[in-house]
Structures are given as C-alpha cells and as structure tokens.
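Presented below is the structure to which this report refers.
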Amino acid sequence: MTSANYTISRSSPASRFAAGVGILVLAALIAAPWWAGRADMRLLSEIFLYLSLACLWNLLAGYAGLVSVGQQAFVGFGGYMLFALAMFAGLSPLVAIPIAGLLGALVAIPVAVLIFRLRGAYFAIGTWVIAEVFRLSFAQVSALGGGSGTSLPVAIVRSMASSRSMREATTYWLALGMAAIVIAVIYLLLRSRNGLALTAIRDSEVASNSFGIDIWRHKFFVYVIAAGLTASTGALIFLQKLRISPDAAFSVNDWTAFVIFIVVIGGIGTLEGPIIGVIVFFLLRETLADLGTTYLLILGLVAIVVMLKAPRGIWGFVKDRTGIELFPLSRRVVEEKSDS
Amino acid sequence: MEWINAIVQGVLLGGLYALFAAGLSLIFGVMRLVNIAHGDFIVLAAFLALSTTTALGVNPLLTLVIVVPVMAVIGYVLQRGVLNQTLGDDILPPLLVTFGLSVIIQNGLLEIYSADPQKMNAGAIETASLALPGNLNVGVLPLVMFGVSVAVIAGLQWVFYRSALGRAFRAVSDKQDIAQLMGLNKAHVFGLAMALSLAVVGIAGVFLGIRTSFDPSIGPGRLIFGFEAVIIGGLGNLWGTMIGGIILGVSQNIGAQINPGWQLLAGHIAFLIVLAVKPRGLFPRID
C-alpha cells in the first residue's frame, strides 16, 4: 500500500540550486583582487555597499512597514563616526567600522522612541527631519571641518595596509563582507520567531496584535538593527571616499532616493528584490549616467511606472508566475510517497 | 529690542510656513495622502511665476492670476491621472509615487532653469516698511503676505466646514464607500482637493519667490517646514497649522539671533520638543 506522507519544507530545488550558485559567485567575488582591474573593483565595492543599503531599507519598508526616507541619517552618522574615531581616538578604520555601527544602533534608540509616535507617511517625513538635524548638527562641529567637511589623514589610510593594491583589496573585501553580513543577518532574522512576527504584522497589524505580538517592540528591534548596519555601511562608504562633508554624508538623493529606486524596481518585500534591483540600477547608471539630470528624470519615471503597474517589482512579477523562491523563507507542504 | 524684532519677523515668516503647510494638511485630511513632492510643487510654482513675469513683464504679485489656476489644473489632472490609482490601504504606493514625482520635478526644473538661484523683484513694495512704536520696522510686503495667509486659512476653514464642497470633502474623508453611495464621485472629489491644495501651493510659491532666492533643490526643505507646522499645530486643525507655522518661524529666528548657523536647527528642535511632549500636536482636533 502506498501512503502519502506530508512534511513541511522550506527549501526547494530552486533554492538549493540558488544556494549552490550563490556560493560559487561569492567565491569568484572573493577572488576578484586577482582577476579584476582597479576600476572594476571600485565599481563592485560600490555595488555591494548599495546592495546592503537596499537590503536594509527593504527590511524596514518591505517587512516591518517602516517607510523611512531618512536612512541617510545613519549613513552619514556612520561615516562621521569613522572619521572621528580614526582621527581623535586613533583607532584603526578596521576597528572603527563595527564601533560606528554600534554607535549608530545606540543613537537609533532615542530616535525611534521619538519618531515612532508618527504613523505611516508622517513617520517617513519625520525620519527626514531627523536626518536634517544630524546634517545641521555635524555641520556645526568645527573639529570635523564644519560645513565644508574634512579628509581622512593620509597616515590613517596608510595604517590600514602597506601597499596601495593591498589597501584597495582590503576595502573591497570589507564591502563584500558587509553585503554578505547584511544579507545573512536579514535572512536569519526573517527565519527566526521575530521574522514570523514581522510577517504577521505586515499582513495584519490588528490580527497579529490580537495574537499577542508586541508590534512596537518588534518594529523597534528591526529599526535599531537596521540603523546599526546602515551606520557600518556608511562608515565603509566614506572609508572608500576618504572625504566627508555634511551635504555628501546626509544626501537624500544618494542614500535614500537611489536605494528606494533599487528596492522598488527589484521587488519590495522579497530578499531577492534588492539584488535584482541593484543590478538593474547599475546597468542603467553605467549606460545612462552621461545624460546627467535626464538620467535622474528617467529613474523617477521608471519608479513611478513600476509602482503603478507592477507594485511588487521585477522579482514579484517572476515569483507570481513561477513560484520560484531563491531564499527559502516561506513554508510549503511536500508530499513524500513512501511504501509501507 | 533685537529680540522683539526677531520674534515679530518670525511671526511674519510663520505665515509663509502656514501657507506651505495648509495644502499638505488639506489633502491629508481628505484622503490620507502625504505628498512628498509638495515642496517641489511650491518651487515649481515659483518658477512658473518667474517665467510669467519675464514673459509678460508684469509685477510678480500679478502672476498669481495665472500661477494659481495653472497649479490647480495640474493638481486635478495629477490626482485623476496618477495619484487616485495609488490610494488604498497600503501607504507605500502614494509615498513612493510622490517621491518619484519629487525627483522628476527637481531634475526637470534643473534641466530648464539650471541650478542658479533666482529671485523675483516686486518693485517698490519690497522696500516699503511701517514704523511701529518702539523703534520696530515691519516690511509692508511680509505684512501683506501674512495677511494673505490668514485669509487663505480662514477661506479653507470656511470651505471645509461651510460649503457643499467641504461637506463632500468631509464625507469622503469619513467613509469613502458611503459617500460614494450617496452620489459623490470620490475620484472627482479627490481631484478637487488636490486642485485646492496646489492652488494654495501656487500662492505659497509666488510669495516664496518674492521673499527669498530659490533654486530647484530647495523643495524638500519647504516640505519639511510645512510638515513640521502641521505636526506642531495638531493634525486636522487648520488654525493649529497657522500657529504651528508661527512657532516654527519664531524658533528659527530666535535660533538665528543666537547663532546664524542654528536657524534651521532651532526650528527642527522646536518640532522635536513638541513631538516629545505632545505627540498629537498642541491643538489636536477633538474627535
């Protein structure tokens, strides 16, 4: 007699295949300093840093329902903390990056307590006000160059590694590592109890509340984690630029508009979305960047059209039609035929 | 005396901020939409006025006759053509679409007018001033603008609570489905609300362009001022918004009086203090 045996599985052939390909791609990327040119490595680092910003924004907006247009607050804060820790405390940039992240998470606590009082779209503009407050405050610190900004002293840059190629390889690996850590943290977070609660909150705040989920606490936790990782990413961004100024550090276009664009195009509320989005974004940028402001006009238009016509982005479109999931997050019932 | 002067100027500046805020408050009240491109529409209106004065050679104040209806039409078309499709339970689509609009308006203006700061000259009225007792001088133009913003707020208040249009606004705001059943076309009502909002934005833009220099990048800053005025005053209360604008203007001027670098920071801090102490604003609507 044959009986069907049902089990709950999260992985699928597609996700196992994706994991295999992912490991190969990661190995190839780790080896990039031996096969890629200097310009390619800079571009790749930039892609990784945008990828981690996009994944973090997606975690906030797509999973926790916290639509922020003020994440540049933490990018800039992280950048400035790196400069301050390296210049005044004499810390190596390698040590300063995680500390900048920690400080970013700490400063996010009072910020969250304050702006969680605003709901929905008003929350979004509230985060923007916070970013403005950070920008104007750092512009008042004359030790960090005030409004015109400052450069990272050469001695500090030299202390990272002796040769120029070694330094470039180090910053490249740091960027790659940052993106990998961000994706891993988000993946593990979403697979944990916390992730289940977040999904429930996203689907219905009222229902999840009635099941005893503390909505405020879960959102707060996600906000603080995202802020810390965003600050670390910001520290890395400005370690690559070697120069920081209030306008560049707290730029809403660079650190929020582009990031939102990446997530919306790729597919909000999926882990795969930001990865697809960042590839599309950089393809567009590398081909259209010469157009200057027209390029930004096109970006704005594309984002509006995607939001109106395919609100779940490229990956949402693929997923709806094929059911493929590269990151095994959802549970599915698998029928196992067995003889007994 | 300098301090009293700073406060008086701050109150007058607050009138302009109340104009920035009124349109924002109106559409939020009617359809729970927050227009991230609101500030960029203010700047768009300023540039429209600039083009009108240069083309017709008229005083910038007269361009109101053209700018206000044009902005209203833009608002109606935008609402019916694009924004109505984004309304629903999910707050993300309207937010992101208006964010995209903000990027488009900013870069479109940059393409047409370049990044150079512009300013409109309203002629003799700009330098005229009234001498008040106690060695205070108040500019006639800021005073006129303040008067207009009070009138605009009063007008909006009247429309909202006394007119048939206002009844329609309040009906769709309370319960869209029932309002629809009672024969209101909610798509049209939302279009009218956005038209009214952008008409106020038109006035705000012309005044902004006469009062200070402007360039395509300053929109988001104006959105933030308007937003802060709305939250300080309390959601859904138009006179509260007026007071919110004044509190913001006065805080900025007091900050600037202490240290020129603190002007904007002082306004933001006043906002954060209100948010910490009275999260629903100083004068929340009782309902």
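Letters A, B, ... mark the chains of the structure tokens in the order given; residue numbers begin at 1 per chain; ligand numbers begin at 1, in order shown.
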Determine, for each residue of chain B having at least one atom at most 8 Å from an atom of chain A, the closest pair of atoms and their separation in Å to one decimal, counting only C-alpha atoms; order by chain and ascending number, as JSON lines.
```
{"residue": "B:Leu33", "atom": "CA", "partner": "A:Ala121", "partner_atom": "CA", "distance": 7.9}
{"residue": "B:Val34", "atom": "CA", "partner": "A:Ala121", "partner_atom": "CA", "distance": 6.1}
{"residue": "B:Gln85", "atom": "CA", "partner": "A:Leu308", "partner_atom": "CA", "distance": 7.2}
{"residue": "B:Thr86", "atom": "CA", "partner": "A:Leu308", "partner_atom": "CA", "distance": 7.0}
{"residue": "B:Ile91", "atom": "CA", "partner": "A:Gly120", "partner_atom": "CA", "distance": 6.6}
{"residue": "B:Leu92", "atom": "CA", "partner": "A:Val67", "partner_atom": "CA", "distance": 7.3}
{"residue": "B:Pro93", "atom": "CA", "partner": "A:Met307", "partner_atom": "CA", "distance": 6.2}
{"residue": "B:Leu95", "atom": "CA", "partner": "A:Ala121", "partner_atom": "CA", "distance": 6.8}
{"residue": "B:Leu96", "atom": "CA", "partner": "A:Ile304", "partner_atom": "CA", "distance": 7.4}
{"residue": "B:Val97", "atom": "CA", "partner": "A:Ile304", "partner_atom": "CA", "distance": 5.1}
{"residue": "B:Phe99", "atom": "CA", "partner": "A:Ala257", "partner_atom": "CA", "distance": 8.0}
{"residue": "B:Gly100", "atom": "CA", "partner": "A:Gly300", "partner_atom": "CA", "distance": 4.5}
{"residue": "B:Leu101", "atom": "CA", "partner": "A:Gly300", "partner_atom": "CA", "distance": 6.6}
{"residue": "B:Val103", "atom": "CA", "partner": "A:Gly300", "partner_atom": "CA", "distance": 5.8}
{"residue": "B:Ile104", "atom": "CA", "partner": "A:Leu297", "partner_atom": "CA", "distance": 4.9}
{"residue": "B:Asn107", "atom": "CA", "partner": "A:Thr293", "partner_atom": "CA", "distance": 5.6}
{"residue": "B:Gly108", "atom": "CA", "partner": "A:Leu297", "partner_atom": "CA", "distance": 6.9}
{"residue": "B:Leu110", "atom": "CA", "partner": "A:Thr293", "partner_atom": "CA", "distance": 7.4}
{"residue": "B:Glu111", "atom": "CA", "partner": "A:Thr293", "partner_atom": "CA", "distance": 6.6}
{"residue": "B:Ile224", "atom": "CA", "partner": "A:Val129", "partner_atom": "CA", "distance": 6.8}
{"residue": "B:Phe227", "atom": "CA", "partner": "A:Ile125", "partner_atom": "CA", "distance": 7.5}
{"residue": "B:Gly261", "atom": "CA", "partner": "A:Gln140", "partner_atom": "CA", "distance": 7.3}
{"residue": "B:Leu264", "atom": "CA", "partner": "A:Leu136", "partner_atom": "CA", "distance": 7.7}
{"residue": "B:Leu265", "atom": "CA", "partner": "A:Val133", "partner_atom": "CA", "distance": 6.2}
{"residue": "B:His268", "atom": "CA", "partner": "A:Val133", "partner_atom": "CA", "distance": 6.7}
{"residue": "B:Ile269", "atom": "CA", "partner": "A:Val133", "partner_atom": "CA", "distance": 7.9}
{"residue": "B:Leu272", "atom": "CA", "partner": "A:Leu114", "partner_atom": "CA", "distance": 7.8}
{"residue": "B:Leu275", "atom": "CA", "partner": "A:Leu114", "partner_atom": "CA", "distance": 7.0}
{"residue": "B:Ala276", "atom": "CA", "partner": "A:Leu114", "partner_atom": "CA", "distance": 6.1}
{"residue": "B:Pro279", "atom": "CA", "partner": "A:Arg117", "partner_atom": "CA", "distance": 6.3}
```
- Using DSSP on the backbone coordinates, identify all residues within range 6-232 of chain B classified as helix (DSSP H, G or I); present the result as a PyMOL selection string. chain B and resi 6-31+38-56+60-81+83-86+92-113+123-126+140-162+164-174+176-181+186-211+216-232
For range 167-180 of chain A, work out the shell of residues within 6 Å, counting only C-alpha atoms and skipping chain neighbours fewer than 5 positions away, then give it as a compact mmCIF listing (two decimals) with N, CA and C atoms, in the first residue's frame.
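The new file part_6.txt reads:
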```txt
# COMPACT_ATOMS: atom_id res chain seq x y z
N PRO A 33 40.23 40.50 -6.39
CA PRO A 33 41.50 41.24 -6.47
C PRO A 33 42.52 40.58 -7.39
N SER A 45 32.68 47.33 -5.35
CA SER A 45 32.52 47.72 -3.94
C SER A 45 31.30 48.61 -3.79
N PHE A 48 28.23 46.59 -3.88
CA PHE A 48 27.97 45.84 -2.63
C PHE A 48 27.41 46.77 -1.55
N LEU A 49 27.96 47.99 -1.48
CA LEU A 49 27.51 48.90 -0.42
C LEU A 49 26.07 49.34 -0.69
N SER A 52 23.81 46.53 0.32
CA SER A 52 23.46 46.39 1.73
C SER A 52 22.50 47.49 2.16
N ALA A 161 46.99 49.23 5.40
CA ALA A 161 47.82 48.22 4.74
C ALA A 161 48.96 48.96 4.08
```
- Can you tell me, as a ChimeraX atom specification, what residues are no more than 12 Å from range 58-74 of chain B when counting only C-alpha atoms, ignoring any on the same chain fewer than 4 positions away? /B:23,38,41-54,78-83,119-126,141,144-145,148,191-211
- Item | Near-Gly155 in chain B list (12 Å; only C-alpha atoms; drop same-chain fewer than 4 positions) as a PyMOL selection string | chain B and resi 22+148-151+159-163+166+196+200+238-239
Expected file contents, prior selection, N, CA and C atoms, as a JSON list (two decimals), in the first residue's frame:
```json
[["chain", "number", "residue", "atom", "x", "y", "z"],
["B", 22, "ALA", "N", -0.67, 74.43, 4.66],
["B", 22, "ALA", "CA", -2.13, 74.31, 4.53],
["B", 22, "ALA", "C", -2.52, 73.26, 3.49],
["B", 148, "VAL", "N", -2.46, 87.69, 3.82],
["B", 148, "VAL", "CA", -2.99, 86.75, 2.83],
["B", 148, "VAL", "C", -3.04, 85.34, 3.41],
["B", 149, "SER", "N", -2.00, 84.95, 4.16],
["B", 149, "SER", "CA", -2.04, 83.57, 4.67],
["B", 149, "SER", "C", -3.15, 83.40, 5.70],
["B", 150, "VAL", "N", -3.38, 84.43, 6.53],
["B", 150, "VAL", "CA", -4.51, 84.35, 7.46],
["B", 150, "VAL", "C", -5.81, 84.21, 6.67],
["B", 151, "ALA", "N", -5.92, 85.00, 5.59],
["B", 151, "ALA", "CA", -7.14, 84.95, 4.78],
["B", 151, "ALA", "C", -7.29, 83.58, 4.13],
["B", 159, "VAL", "N", -14.43, 76.86, 3.52],
["B", 159, "VAL", "CA", -14.74, 75.84, 2.50],
["B", 159, "VAL", "C", -14.99, 74.50, 3.18],
["B", 160, "PHE", "N", -14.11, 74.16, 4.12],
["B", 160, "PHE", "CA", -14.16, 72.84, 4.72],
["B", 160, "PHE", "C", -15.42, 72.62, 5.55],
["B", 161, "TYR", "N", -15.83, 73.67, 6.29],
["B", 161, "TYR", "CA", -16.94, 73.46, 7.23],
["B", 161, "TYR", "C", -18.25, 74.10, 6.82],
["B", 162, "ARG", "N", -18.27, 74.97, 5.81],
["B", 162, "ARG", "CA", -19.48, 75.70, 5.50],
["B", 162, "ARG", "C", -20.01, 75.48, 4.08],
["B", 163, "SER", "N", -19.19, 74.92, 3.19],
["B", 163, "SER", "CA", -19.63, 74.85, 1.79],
["B", 163, "SER", "C", -20.00, 73.41, 1.41],
["B", 166, "GLY", "N", -16.91, 71.38, 0.87],
["B", 166, "GLY", "CA", -16.33, 70.95, 2.13],
["B", 166, "GLY", "C", -17.08, 69.75, 2.70],
["B", 196, "LEU", "N", -7.32, 72.23, -5.01],
["B", 196, "LEU", "CA", -7.32, 73.29, -3.99],
["B", 196, "LEU", "C", -5.97, 73.36, -3.29],
["B", 200, "VAL", "N", -3.29, 76.60, -3.32],
["B", 200, "VAL", "CA", -2.62, 77.23, -2.17],
["B", 200, "VAL", "C", -1.11, 77.19, -2.37],
["B", 238, "LEU", "N", -6.73, 73.45, 11.03],
["B", 238, "LEU", "CA", -6.12, 74.46, 10.16],
["B", 238, "LEU", "C", -5.56, 75.65, 10.95],
["B", 239, "TRP", "N", -6.34, 76.15, 11.93],
["B", 239, "TRP", "CA", -5.80, 77.27, 12.73],
["B", 239, "TRP", "C", -4.61, 76.80, 13.54]]
```
- Message: With only C-alpha atoms as the counted atoms, please give the residues lying no more than 7 Å from range 14-31 of chain A, apart from itself and same-chain residues fewer than 6 positions off, as a list in words.
- Response: Trp173, Ile324, Glu325, Leu326, Phe327 and Pro328 of chain A
- Using only C-alpha atoms: which of A:Ser151, A:Ser208, A:Thr270, A:Ser330 has the shortest distance to Phe317 in chain A: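 Using only C-alpha atoms, the shortest distance to Phe317 in chain A belongs to A:Thr270.
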- Sel. of strand (DSSP E or B) residues, range 34-256 of chain A, as a PyMOL selection string: chain A and resi 150-151+243-244
Expected file contents, prior selection, C-alpha atoms, as an mmCIF file, in the first residue's frame:
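Written output follows (again04.cif):
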```cif
data_model
loop_
_atom_site.group_PDB
_atom_site.id
_atom_site.type_symbol
_atom_site.label_atom_id
_atom_site.label_comp_id
_atom_site.auth_asym_id
_atom_site.auth_seq_id
_atom_site.Cartn_x
_atom_site.Cartn_y
_atom_site.Cartn_z
ATOM 1 C CA THR A 150 37.236 67.060 6.046
ATOM 2 C CA SER A 151 39.530 64.423 4.539
ATOM 3 C CA ARG A 243 36.467 62.608 2.324
ATOM 4 C CA ILE A 244 33.285 63.576 4.128
#
```
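Put simply, CA of Gly78 in chain A is 23.5 Å away from CA of Tyr63 in chain A.
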- Item | Residues near range 95-103 of chain A, cut-off 10 Å, only C-alpha atoms, skip fewer than 6 positions along chain, as a list of chain:residue names |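 Skipping anything fewer than 6 positions along the chain leaves A:Phe74, A:Val75, A:Phe77, A:Gly78, A:Gly79, A:Tyr80, A:Met81, A:Leu82, A:Phe83, A:Ala84, A:Leu85, A:Ala86, A:Ala89, A:Leu174, A:Val224, A:Ile225, A:Ala226, A:Ala227, A:Gly228, A:Leu229, A:Thr230, A:Ala231, A:Ser232, A:Thr233, A:Gly234, A:Ala235, A:Leu236, A:Leu239.
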- Point-to-point distance from CA of Phe28 in chain B to CA of Leu181 in chain B, Å rounded to tenths: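 A separation of 22.2 Å between them.
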- Query: Which of these residues is nearest to Ser102 in chain B, using only C-alpha atoms: B:Asp89, B:Asp177, B:Asp40, B:Asp215?
  - Reply: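 Of all the options, B:Asp40 lies closest to Ser102 in chain B.
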- Query: Can you tell me how far CA of Gly183 in chain B sits from CA of Asn84 in chain B, in Å to one decimal?
  - Reply: 18.1 Å
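With only C-alpha atoms as the basis for measurement, B:Leu132 is the residue among B:Leu235, B:Val140, B:Leu87, B:Leu132 that approaches Ile4 in chain B most closely.
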